[in-house]
Structures are given as structure tokens and as C-alpha cells.
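Structure file work_39.pdb; described as PDB, C-alpha atoms, pLDDT in the B column.
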ATOM      1  CA  MET I   1      -1.167 -10.639  15.651  1.00 90.00           C
ATOM      2  CA  THR I   2      -4.262  -8.444  15.883  1.00 96.00           C
ATOM      3  CA  PRO I   3      -4.238  -6.445  12.638  1.00 98.00           C
ATOM      4  CA  ILE I   4      -6.195  -3.368  11.697  1.00 98.00           C
ATOM      5  CA  ILE I   5      -6.466  -2.327   8.037  1.00 98.00           C
ATOM      6  CA  LEU I   6      -6.284   1.406   7.351  1.00 98.00           C
ATOM      7  CA  ILE I   7      -6.814   2.978   3.933  1.00 98.00           C
ATOM      8  CA  PRO I   8      -5.417   6.502   3.486  1.00 97.00           C
ATOM      9  CA  ALA I   9      -7.516   8.591   1.109  1.00 95.00           C
ATOM     10  CA  ARG I  10      -7.394  12.167  -0.120  1.00 93.00           C
ATOM     11  CA  LEU I  11      -8.952  13.991  -3.049  1.00 91.00           C
ATOM     12  CA  GLY I  12      -5.708  15.549  -4.223  1.00 81.00           C
ATOM     13  CA  SER I  13      -4.015  13.615  -7.027  1.00 74.00           C
ATOM     14  CA  THR I  14      -1.588  14.983  -9.577  1.00 71.00           C
ATOM     15  CA  ARG I  15      -2.735  12.896 -12.531  1.00 75.00           C
ATOM     16  CA  LEU I  16      -6.361  12.185 -11.587  1.00 83.00           C
ATOM     17  CA  PRO I  17      -7.778  14.647  -9.032  1.00 82.00           C
ATOM     18  CA  GLY I  18     -10.638  13.293  -6.939  1.00 90.00           C
ATOM     19  CA  LYS I  19     -10.046   9.729  -8.063  1.00 92.00           C
ATOM     20  CA  VAL I  20     -10.959   8.113  -4.735  1.00 94.00           C
ATOM     21  CA  LEU I  21     -14.555   9.303  -5.264  1.00 96.00           C
ATOM     22  CA  ALA I  22     -14.666   8.414  -8.970  1.00 94.00           C
ATOM     23  CA  ASP I  23     -17.708   6.310  -9.831  1.00 95.00           C
ATOM     24  CA  ILE I  24     -16.982   2.684 -10.686  1.00 95.00           C
ATOM     25  CA  ALA I  25     -20.029   0.479 -11.276  1.00 93.00           C
ATOM     26  CA  GLY I  26     -22.214   2.775  -9.198  1.00 93.00           C
ATOM     27  CA  LEU I  27     -19.884   3.102  -6.203  1.00 95.00           C
ATOM     28  CA  PRO I  28     -17.025   5.463  -5.347  1.00 96.00           C
ATOM     29  CA  MET I  29     -13.648   3.815  -5.881  1.00 96.00           C
ATOM     30  CA  ILE I  30     -12.814   4.089  -2.174  1.00 97.00           C
ATOM     31  CA  VAL I  31     -15.862   1.939  -1.357  1.00 97.00           C
ATOM     32  CA  HIS I  32     -14.608  -0.822  -3.664  1.00 96.00           C
ATOM     33  CA  VAL I  33     -11.261  -0.757  -1.840  1.00 97.00           C
ATOM     34  CA  LEU I  34     -13.066  -0.782   1.511  1.00 98.00           C
ATOM     35  CA  ARG I  35     -15.045  -3.869   0.489  1.00 97.00           C
ATOM     36  CA  ARG I  36     -11.962  -5.738  -0.685  1.00 97.00           C
ATOM     37  CA  ALA I  37     -10.342  -5.038   2.682  1.00 98.00           C
ATOM     38  CA  GLN I  38     -13.435  -6.224   4.540  1.00 98.00           C
ATOM     39  CA  GLU I  39     -13.448  -9.414   2.454  1.00 97.00           C
ATOM     40  CA  ALA I  40      -9.954 -10.207   3.752  1.00 97.00           C
ATOM     41  CA  ALA I  41     -11.559 -10.718   7.213  1.00 97.00           C
ATOM     42  CA  LEU I  42      -8.323  -9.953   9.089  1.00 97.00           C
ATOM     43  CA  GLY I  43      -9.663  -7.339  11.492  1.00 97.00           C
ATOM     44  CA  PRO I  44     -11.406  -3.964  11.541  1.00 98.00           C
ATOM     45  CA  VAL I  45     -11.134  -1.720   8.485  1.00 98.00           C
ATOM     46  CA  ALA I  46     -11.253   2.077   8.391  1.00 98.00           C
ATOM     47  CA  VAL I  47     -10.503   4.858   5.935  1.00 98.00           C
ATOM     48  CA  ALA I  48      -8.166   7.659   7.046  1.00 98.00           C
ATOM     49  CA  CYS I  49      -9.627  10.625   5.150  1.00 97.00           C
ATOM     50  CA  ALA I  50      -8.226  14.046   4.400  1.00 94.00           C
ATOM     51  CA  GLU I  51     -11.607  15.536   3.420  1.00 96.00           C
ATOM     52  CA  ALA I  52     -15.162  15.381   4.746  1.00 96.00           C
ATOM     53  CA  GLU I  53     -16.514  14.390   1.315  1.00 96.00           C
ATOM     54  CA  VAL I  54     -14.512  11.173   1.406  1.00 96.00           C
ATOM     55  CA  ALA I  55     -15.606  10.418   4.964  1.00 97.00           C
ATOM     56  CA  GLU I  56     -19.250  10.929   3.985  1.00 97.00           C
ATOM     57  CA  ALA I  57     -18.943   8.505   1.064  1.00 97.00           C
ATOM     58  CA  VAL I  58     -17.373   5.855   3.295  1.00 97.00           C
ATOM     59  CA  GLU I  59     -19.947   6.259   6.056  1.00 98.00           C
ATOM     60  CA  HIS I  60     -22.815   6.221   3.541  1.00 97.00           C
ATOM     61  CA  ALA I  61     -21.555   2.783   2.466  1.00 97.00           C
ATOM     62  CA  GLY I  62     -21.539   1.612   6.097  1.00 97.00           C
ATOM     63  CA  GLY I  63     -17.792   1.954   6.599  1.00 98.00           C
ATOM     64  CA  ILE I  64     -15.709   3.600   9.312  1.00 98.00           C
ATOM     65  CA  ALA I  65     -14.037   6.895   8.426  1.00 98.00           C
ATOM     66  CA  VAL I  66     -11.619   9.038  10.419  1.00 98.00           C
ATOM     67  CA  LEU I  67     -10.922  12.624   9.415  1.00 97.00           C
ATOM     68  CA  THR I  68      -7.227  13.506   9.600  1.00 97.00           C
ATOM     69  CA  ASP I  69      -5.309  16.728   9.080  1.00 95.00           C
ATOM     70  CA  PRO I  70      -5.281  17.507   5.328  1.00 94.00           C
ATOM     71  CA  ALA I  71      -1.745  18.878   5.703  1.00 94.00           C
ATOM     72  CA  LEU I  72      -0.246  15.497   6.634  1.00 95.00           C
ATOM     73  CA  PRO I  73       2.498  14.761   4.094  1.00 92.00           C
ATOM     74  CA  SER I  74       1.884  11.079   3.340  1.00 94.00           C
ATOM     75  CA  GLY I  75      -0.457   8.135   3.638  1.00 94.00           C
ATOM     76  CA  SER I  76       1.773   6.693   6.352  1.00 96.00           C
ATOM     77  CA  ASP I  77       1.329   9.826   8.445  1.00 97.00           C
ATOM     78  CA  ARG I  78      -2.410   9.713   7.784  1.00 97.00           C
ATOM     79  CA  ILE I  79      -2.876   6.131   8.964  1.00 97.00           C
ATOM     80  CA  HIS I  80      -0.720   6.782  12.030  1.00 98.00           C
ATOM     81  CA  ALA I  81      -2.941   9.728  12.957  1.00 97.00           C
ATOM     82  CA  ALA I  82      -6.109   7.687  12.406  1.00 98.00           C
ATOM     83  CA  LEU I  83      -4.725   4.856  14.520  1.00 98.00           C
ATOM     84  CA  GLN I  84      -4.399   7.154  17.528  1.00 96.00           C
ATOM     85  CA  THR I  85      -8.098   8.033  17.220  1.00 97.00           C
ATOM     86  CA  LEU I  86      -9.349   4.507  16.558  1.00 97.00           C
ATOM     87  CA  ASP I  87      -7.152   2.534  18.960  1.00 97.00           C
ATOM     88  CA  PRO I  88      -5.566   4.744  21.608  1.00 96.00           C
ATOM     89  CA  ALA I  89      -5.187   1.764  23.961  1.00 95.00           C
ATOM     90  CA  GLY I  90      -2.958  -0.092  21.484  1.00 94.00           C
ATOM     91  CA  ARG I  91      -5.041  -3.260  21.132  1.00 96.00           C
ATOM     92  CA  HIS I  92      -3.961  -3.664  17.499  1.00 97.00           C
ATOM     93  CA  ASP I  93      -0.271  -4.496  17.249  1.00 97.00           C
ATOM     94  CA  VAL I  94      -0.111  -4.615  13.427  1.00 98.00           C
ATOM     95  CA  VAL I  95      -1.293  -2.029  10.904  1.00 98.00           C
ATOM     96  CA  ILE I  96      -1.901  -2.824   7.236  1.00 98.00           C
ATOM     97  CA  ASN I  97      -1.647   0.203   4.957  1.00 98.00           C
ATOM     98  CA  LEU I  98      -3.805  -0.396   1.862  1.00 98.00           C
ATOM     99  CA  GLN I  99      -3.731   2.192  -0.899  1.00 94.00           C
ATOM    100  CA  GLY I 100      -7.096   3.721  -1.843  1.00 93.00           C
ATOM    101  CA  ASP I 101      -6.600   3.324  -5.600  1.00 93.00           C
ATOM    102  CA  LEU I 102      -6.614  -0.491  -5.782  1.00 95.00           C
ATOM    103  CA  PRO I 103     -10.310  -1.297  -6.337  1.00 94.00           C
ATOM    104  CA  ALA I 104      -9.636  -4.806  -7.671  1.00 92.00           C
ATOM    105  CA  ILE I 105      -7.061  -5.922  -5.086  1.00 95.00           C
ATOM    106  CA  ASP I 106      -7.188  -9.629  -4.298  1.00 96.00           C
ATOM    107  CA  PRO I 107      -8.184  -9.790  -0.586  1.00 97.00           C
ATOM    108  CA  SER I 108      -5.800 -12.719  -0.055  1.00 96.00           C
ATOM    109  CA  TYR I 109      -2.863 -10.361  -0.678  1.00 97.00           C
ATOM    110  CA  LEU I 110      -3.639  -8.618   2.608  1.00 98.00           C
ATOM    111  CA  ALA I 111      -3.042 -11.814   4.556  1.00 97.00           C
ATOM    112  CA  LYS I 112       0.182 -12.448   2.660  1.00 97.00           C
ATOM    113  CA  VAL I 113       1.666  -9.053   3.525  1.00 98.00           C
ATOM    114  CA  LEU I 114       1.621 -10.100   7.198  1.00 98.00           C
ATOM    115  CA  ARG I 115       3.985 -13.031   6.675  1.00 98.00           C
ATOM    116  CA  PRO I 116       7.298 -11.146   7.038  1.00 98.00           C
ATOM    117  CA  LEU I 117       6.256  -9.995  10.500  1.00 98.00           C
ATOM    118  CA  ASP I 118       6.139 -13.646  11.591  1.00 95.00           C
ATOM    119  CA  GLN I 119       9.812 -13.850  10.589  1.00 96.00           C
ATOM    120  CA  GLY I 120      10.940 -10.852  12.629  1.00 96.00           C
ATOM    121  CA  TYR I 121      10.796  -8.088  10.019  1.00 98.00           C
ATOM    122  CA  ASP I 122       9.638  -4.603  11.028  1.00 98.00           C
ATOM    123  CA  ILE I 123       7.624  -4.081   7.852  1.00 98.00           C
ATOM    124  CA  GLY I 124       6.088  -6.410   5.269  1.00 98.00           C
ATOM    125  CA  THR I 125       5.349  -5.575   1.660  1.00 98.00           C
ATOM    126  CA  LEU I 126       4.549  -7.317  -1.642  1.00 98.00           C
ATOM    127  CA  VAL I 127       6.329  -7.814  -4.960  1.00 98.00           C
ATOM    128  CA  ALA I 128       5.305  -9.411  -8.252  1.00 97.00           C
ATOM    129  CA  PRO I 129       7.406 -10.440 -11.261  1.00 97.00           C
ATOM    130  CA  VAL I 130       8.110  -7.787 -13.881  1.00 97.00           C
ATOM    131  CA  THR I 131       6.768  -9.266 -17.104  1.00 96.00           C
ATOM    132  CA  SER I 132       7.813  -6.856 -19.878  1.00 96.00           C
ATOM    133  CA  ALA I 133      10.557  -4.472 -20.917  1.00 96.00           C
ATOM    134  CA  GLU I 134       8.032  -1.622 -20.814  1.00 95.00           C
ATOM    135  CA  GLU I 135       7.227  -2.406 -17.199  1.00 95.00           C
ATOM    136  CA  ALA I 136      10.918  -2.676 -16.318  1.00 96.00           C
ATOM    137  CA  LEU I 137      11.745   0.710 -17.829  1.00 96.00           C
ATOM    138  CA  SER I 138       8.702   2.608 -16.559  1.00 94.00           C
ATOM    139  CA  PRO I 139       9.586   5.037 -13.744  1.00 93.00           C
ATOM    140  CA  SER I 140       6.023   4.704 -12.426  1.00 89.00           C
ATOM    141  CA  VAL I 141       6.723   1.026 -11.673  1.00 94.00           C
ATOM    142  CA  VAL I 142       8.882   0.827  -8.563  1.00 96.00           C
ATOM    143  CA  LYS I 143      11.361  -2.043  -8.547  1.00 98.00           C
ATOM    144  CA  CYS I 144      12.387  -3.875  -5.392  1.00 98.00           C
ATOM    145  CA  VAL I 145      15.870  -5.362  -5.099  1.00 98.00           C
ATOM    146  CA  CYS I 146      15.361  -8.771  -3.509  1.00 97.00           C
ATOM    147  CA  ALA I 147      16.211 -12.389  -4.255  1.00 96.00           C
ATOM    148  CA  PHE I 148      14.141 -15.431  -3.380  1.00 95.00           C
ATOM    149  CA  PRO I 149      16.041 -18.655  -2.756  1.00 88.00           C
ATOM    150  CA  GLU I 150      14.282 -21.720  -4.098  1.00 83.00           C
ATOM    151  CA  ASP I 151      10.980 -22.533  -2.389  1.00 84.00           C
ATOM    152  CA  THR I 152      10.948 -19.371  -0.277  1.00 91.00           C
ATOM    153  CA  GLU I 153       8.190 -16.789  -0.344  1.00 93.00           C
ATOM    154  CA  VAL I 154       9.741 -14.038   1.806  1.00 97.00           C
ATOM    155  CA  ALA I 155      13.024 -12.240   1.131  1.00 98.00           C
ATOM    156  CA  PRO I 156      14.702  -9.134   2.562  1.00 98.00           C
ATOM    157  CA  ALA I 157      14.036  -5.987   0.549  1.00 98.00           C
ATOM    158  CA  LEU I 158      17.474  -4.444   0.055  1.00 98.00           C
ATOM    159  CA  TYR I 159      16.589  -1.379  -2.040  1.00 98.00           C
ATOM    160  CA  PHE I 160      13.804   0.231  -4.074  1.00 98.00           C
ATOM    161  CA  SER I 161      14.203   2.239  -7.265  1.00 98.00           C
ATOM    162  CA  ARG I 162      12.284   3.565 -10.245  1.00 96.00           C
ATOM    163  CA  ASN I 163      15.088   2.185 -12.417  1.00 97.00           C
ATOM    164  CA  PRO I 164      15.390  -1.460 -13.561  1.00 97.00           C
ATOM    165  CA  VAL I 165      17.561  -2.812 -10.751  1.00 97.00           C
ATOM    166  CA  PRO I 166      19.490  -4.980 -10.016  1.00 97.00           C
ATOM    167  CA  GLY I 167      21.620  -5.379 -13.102  1.00 94.00           C
ATOM    168  CA  GLY I 168      22.627  -8.659 -14.698  1.00 95.00           C
ATOM    169  CA  GLU I 169      20.569 -11.697 -15.590  1.00 94.00           C
ATOM    170  CA  GLY I 170      17.604 -12.648 -13.446  1.00 94.00           C
ATOM    171  CA  PRO I 171      14.098 -11.542 -12.517  1.00 96.00           C
ATOM    172  CA  LEU I 172      13.054  -8.024 -11.666  1.00 98.00           C
ATOM    173  CA  TRP I 173      10.420  -7.429  -9.006  1.00 98.00           C
ATOM    174  CA  HIS I 174       7.564  -4.931  -9.257  1.00 97.00           C
ATOM    175  CA  HIS I 175       6.919  -3.408  -5.844  1.00 97.00           C
ATOM    176  CA  ILE I 176       3.288  -3.273  -4.727  1.00 97.00           C
ATOM    177  CA  GLY I 177       2.693  -0.394  -2.316  1.00 92.00           C
ATOM    178  CA  ILE I 178       0.869  -2.323   0.402  1.00 97.00           C
ATOM    179  CA  TYR I 179       2.567  -2.517   3.788  1.00 98.00           C
ATOM    180  CA  ALA I 180       2.132  -4.291   7.117  1.00 98.00           C
ATOM    181  CA  TYR I 181       3.808  -2.475  10.002  1.00 98.00           C
ATOM    182  CA  ARG I 182       4.462  -3.571  13.520  1.00 97.00           C
ATOM    183  CA  ARG I 183       2.780  -0.774  15.437  1.00 97.00           C
ATOM    184  CA  GLU I 184       6.025   0.420  17.006  1.00 97.00           C
ATOM    185  CA  ALA I 185       7.694   0.367  13.572  1.00 98.00           C
ATOM    186  CA  LEU I 186       4.995   2.632  12.124  1.00 98.00           C
ATOM    187  CA  GLY I 187       5.441   5.044  15.017  1.00 97.00           C
ATOM    188  CA  ARG I 188       9.199   5.107  14.526  1.00 98.00           C
ATOM    189  CA  PHE I 189       8.885   5.508  10.764  1.00 98.00           C
ATOM    190  CA  VAL I 190       6.639   8.584  10.872  1.00 97.00           C
ATOM    191  CA  SER I 191       8.887  10.164  13.527  1.00 97.00           C
ATOM    192  CA  LEU I 192      11.908  10.056  11.216  1.00 98.00           C
ATOM    193  CA  PRO I 193      12.758  12.969   8.893  1.00 97.00           C
ATOM    194  CA  PRO I 194      12.794  12.294   5.134  1.00 96.00           C
ATOM    195  CA  SER I 195      16.071  10.610   4.201  1.00 98.00           C
ATOM    196  CA  ALA I 196      18.550  11.420   1.450  1.00 98.00           C
ATOM    197  CA  LEU I 197      17.718   8.437  -0.761  1.00 98.00           C
ATOM    198  CA  GLU I 198      14.003   8.876  -0.137  1.00 98.00           C
ATOM    199  CA  LEU I 199      14.212  12.423  -1.478  1.00 97.00           C
ATOM    200  CA  ARG I 200      16.387  11.344  -4.391  1.00 97.00           C
ATOM    201  CA  GLU I 201      14.178   8.456  -5.554  1.00 97.00           C
ATOM    202  CA  LYS I 202      10.862   9.959  -4.310  1.00 96.00           C
ATOM    203  CA  LEU I 203      10.189   6.697  -2.438  1.00 97.00           C
ATOM    204  CA  GLU I 204       9.378   6.975   1.266  1.00 96.00           C
ATOM    205  CA  GLN I 205      10.117   3.307   2.039  1.00 98.00           C
ATOM    206  CA  LEU I 206      13.808   4.085   1.599  1.00 98.00           C
ATOM    207  CA  ARG I 207      13.576   6.129   4.805  1.00 98.00           C
ATOM    208  CA  ALA I 208      12.951   2.905   6.701  1.00 98.00           C
ATOM    209  CA  LEU I 209      15.885   1.105   5.104  1.00 98.00           C
ATOM    210  CA  GLU I 210      18.264   4.011   5.703  1.00 98.00           C
ATOM    211  CA  ALA I 211      17.235   3.992   9.361  1.00 98.00           C
ATOM    212  CA  GLY I 212      18.137   0.299   9.674  1.00 98.00           C
ATOM    213  CA  MET I 213      14.578  -1.005   9.701  1.00 98.00           C
ATOM    214  CA  ARG I 214      14.043  -4.392   8.041  1.00 98.00           C
ATOM    215  CA  ILE I 215      11.489  -4.790   5.254  1.00 98.00           C
ATOM    216  CA  GLY I 216      10.462  -8.273   4.141  1.00 98.00           C
ATOM    217  CA  ALA I 217       9.034  -8.757   0.648  1.00 98.00           C
ATOM    218  CA  VAL I 218       6.483 -11.454  -0.154  1.00 98.00           C
ATOM    219  CA  ARG I 219       6.177 -12.571  -3.757  1.00 96.00           C
ATOM    220  CA  VAL I 220       2.699 -12.795  -5.280  1.00 96.00           C
ATOM    221  CA  PRO I 221       1.688 -13.866  -8.815  1.00 95.00           C
ATOM    222  CA  GLY I 222       0.836 -10.446 -10.218  1.00 95.00           C
ATOM    223  CA  ALA I 223       0.585  -6.762  -9.376  1.00 94.00           C
ATOM    224  CA  PRO I 224      -2.956  -5.524  -8.673  1.00 92.00           C
ATOM    225  CA  PHE I 225      -4.468  -3.023 -11.042  1.00 88.00           C
ATOM    226  CA  GLY I 226      -4.142   0.550  -9.788  1.00 89.00           C
ATOM    227  CA  VAL I 227      -5.976   3.684 -10.918  1.00 91.00           C
ATOM    228  CA  ASP I 228      -3.674   6.620 -11.684  1.00 86.00           C
ATOM    229  CA  THR I 229      -4.937   8.058 -14.968  1.00 87.00           C
ATOM    230  CA  PRO I 230      -8.264   8.581 -16.791  1.00 90.00           C
ATOM    231  CA  ALA I 231      -7.444   5.548 -18.955  1.00 90.00           C
ATOM    232  CA  ASP I 232      -6.912   3.454 -15.807  1.00 90.00           C
ATOM    233  CA  LEU I 233     -10.293   4.598 -14.512  1.00 92.00           C
ATOM    234  CA  GLU I 234     -12.043   3.490 -17.685  1.00 92.00           C
ATOM    235  CA  HIS I 235     -10.304   0.127 -17.458  1.00 91.00           C
ATOM    236  CA  ALA I 236     -11.435  -0.236 -13.827  1.00 92.00           C
ATOM    237  CA  ARG I 237     -15.019   0.529 -14.833  1.00 93.00           C
ATOM    238  CA  LYS I 238     -14.917  -2.254 -17.406  1.00 92.00           C
ATOM    239  CA  LEU I 239     -13.171  -4.645 -15.006  1.00 88.00           C
ATOM    240  CA  LEU I 240     -15.612  -4.112 -12.156  1.00 91.00           C
ATOM    241  CA  GLY I 241     -18.729  -3.433 -14.171  1.00 84.00           C
ATOM    242  CA  ALA I 242     -20.193  -6.841 -13.362  1.00 53.00           C
ATOM    243  CA  LYS I 243     -19.447  -6.590  -9.633  1.00 49.00           C
ATOM    244  CA  PRO I 244     -21.738  -5.035  -7.021  1.00 42.00           C
TER     245      PRO I 244
END
Could you quickly redo this structure as C-alpha cells?
Amino acid sequence: MTPIILIPARLGSTRLPGKVLADIAGLPMIVHVLRRAQEAALGPVAVACAEAEVAEAVEHAGGIAVLTDPALPSGSDRIHAALQTLDPAGRHDVVINLQGDLPAIDPSYLAKVLRPLDQGYDIGTLVAPVTSAEEALSPSVVKCVCAFPEDTEVAPALYFSRNPVPGGEGPLWHHIGIYAYRREALGRFVSLPPSALELREKLEQLRALEAGMRIGAVRVPGAPFGVDTPADLEHARKLLGAKP
């Protein structure tokens, strides 16, 4: 595999507008995410930006930025558009989609999300154990329906929901919105119209499952800290205050 890591970023955010440029320890949040991706050392890294201000911040930090149409509906569409600009010849056969609001992501997680592709899946993603009733019941925590036989690290993702599924006794899995796509799978995915379950759950990964695409989930010890609210931002500033 020859991966490329793309980070979709836009200033619009319902709960925390402009968060990708929010200052954390003297750097915009998007630059922290960029550095974590570079630390993974898997391949080139670029930010797929919706606005010139974001591109300027990335380039000022020495990163690669690609301006994309602000009207694109999702991060998946944004990274697909950036890929055509960055790699029109198709040298990179795998695309990692890293969200721009994960400034403390463990770089090793980016290597792990590739593992399902080695087993024939179209898309790889990550899950971590749900550790509390509050987490299980929170609609902002997406749950992945999957089951890991003993001593396995990759399992088929059968469904995603904002509800605590599946029922019965057993672990629940917190979905982490990082994806590895085979290049042709990303192209197919963005060409598909939104699906019925995607619109119902407000989860675009269901479009892939409804279209018969296979998603493999890799279990990791814990979900990375994401920034969605002002309180999250303050927590991130404390967490990363000692880091450059």
C-alpha cells in the first residue's frame, strides 16, 4: 500500500465555529492534527481546506494545503476532491481520512486503520470500548455493531447507530471517525447518493454498507479526544499545553 493522509477542514461548525483555527498551545488546532499525521510517517500528509484562512495557517506551519469547493457536502467529498489535485496519476492507492478536530490523536492509530485493507475490506475504521453508561446513551457517541472473536483485532462492521446497539449482554463499541479507503472505494462512495439509513441516522458510513461495501473495524484501547464544544477546547489546551 502507498497511503496518503488527507485531513478535511472547514471553518463552519455548528457547536464551535472556527474550531480548526482555535489556538491550542500557540498553534491552530489543525496544525496539531497535521503534526500527529506527519508523526505517523505513513506517507504524504495534506489538508483539504474549504477556506483560504485555513490553507494559510497550514502553509505557514510548513504543511501542504489544497483549497476545495466550500459547497462540498462532507469531508469525504473534500478529500476526494483534494486527491484529484494532489495525485491525478493515482500513485497513492489508499487514502486515510483523518478528522481535523483530533489534536491529540495517537499517531499509531493511523497505521492500525490500514489493517482491514490487508484482509480485503473496502474501508477500514477504528472502534474503542464504551466504558460508561453515559457514553453508551450519548447520541454524540456513535456505536458500531461488531464482534471480535478471541484474539482477533479486526471484525466486520455490520451497522452504526447513535443508539446503544446491539442489545443484550456484551461490550459496546465507540466508533472513531477515522477511515482508510481503497482509492476506488472512495471514488465509488462519493459517487453514491445519500442512502435511506444514512439520512435517518445522520451517519454517512451507512451509505457504504447499504451499497454492499465492506467496512472492517479495528479495536484500539481508547477513543481519542475530540474537540466539539468550548469545554472540549479548554480541555485540549490543558492537555497539550506542555507540547510544542
Checklist line | Residue members of the PyMOL selection byres ((chain I and resi 157) around 6) in the file shown, as a count of residues only | finding: 8
Next item on the list: Determine, counting all atoms listed in the file, every residue of protein, DNA or RNA that lies within 10 Å of (15.0, -2.8, -6.2) in the file coordinates, then give the result as number ranges by chain.
Entry: I: 142-147, 157-167, 172-175
Margin query: Restricting the calculation to all atoms listed in the file: of I:Ala50, I:Leu42, I:Leu27, I:Leu209, which residue gets closest to Ala9 in chain I?
Written below: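 Comparing I:Ala50, I:Leu42, I:Leu27, I:Leu209 against Ala9 in chain I, the winner is I:Ala50.
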Note to self: I need the residue nearest Val20 in chain I from this list: I:Pro107, I:Pro224, I:Pro8, I:Gly100. Use only C-alpha atoms for the distance.
What the structure shows: I:Gly100
Next item on the list: May I ask which of the residues I:Ser76, I:Ser138, I:Ser195, I:Gln99 is the closest one to Met29 in chain I, counting only C-alpha atoms?
Entry: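 Of the candidates, the smallest distance to Met29 in chain I is held by I:Gln99.
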Notebook entry, point to check: Which residue gives the smallest distance to Ser108 in chain I among I:Gly62, I:Val141, I:Arg36, I:Gly90, with all atoms listed in the file counted?
Noted result: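 Result for the nearest residue to Ser108 in chain I: I:Arg36.
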Next item on the list: For Val190 in chain I, please output as a list in words all residues within 7 Å (counting only C-alpha atoms; exclusion window: fewer than 3 positions along the same chain).
Entry: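 Surrounding residues, per the criterion: Ser76, Asp77, Leu186 and Gly187 of chain I.
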Notebook entry, point to check: Mind pulling up the distance from CA of Ala46 in chain I to CA of Thr85 in chain I?
Noted result: 11.1 Å
Next item on the list: On this file, the PyMOL selection byres ((chain I and resi 64) around 8) gives some set of residues; write that set as a VMD selection string.
Entry: chain I and resid 45 to 47 58 to 59 62 to 63 65 to 66
Next item on the list: Mind checking which residues fall within 9 Å of Glu51 in chain I, counting all atoms listed in the file, ignoring those fewer than 2 positions away in the same chain, and posting them as an NGL selection string?
Entry: :I and (9-11 or 49 or 53-56 or 67-70)
Next item on the list: Go through I:Val154, I:Ala128, I:Leu137, I:Leu102 and flag the residue nearest Lys19 in chain I, using all atoms listed in the file for the distances.
Entry: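 The answer is I:Leu102, which sits nearest to Lys19 in chain I.
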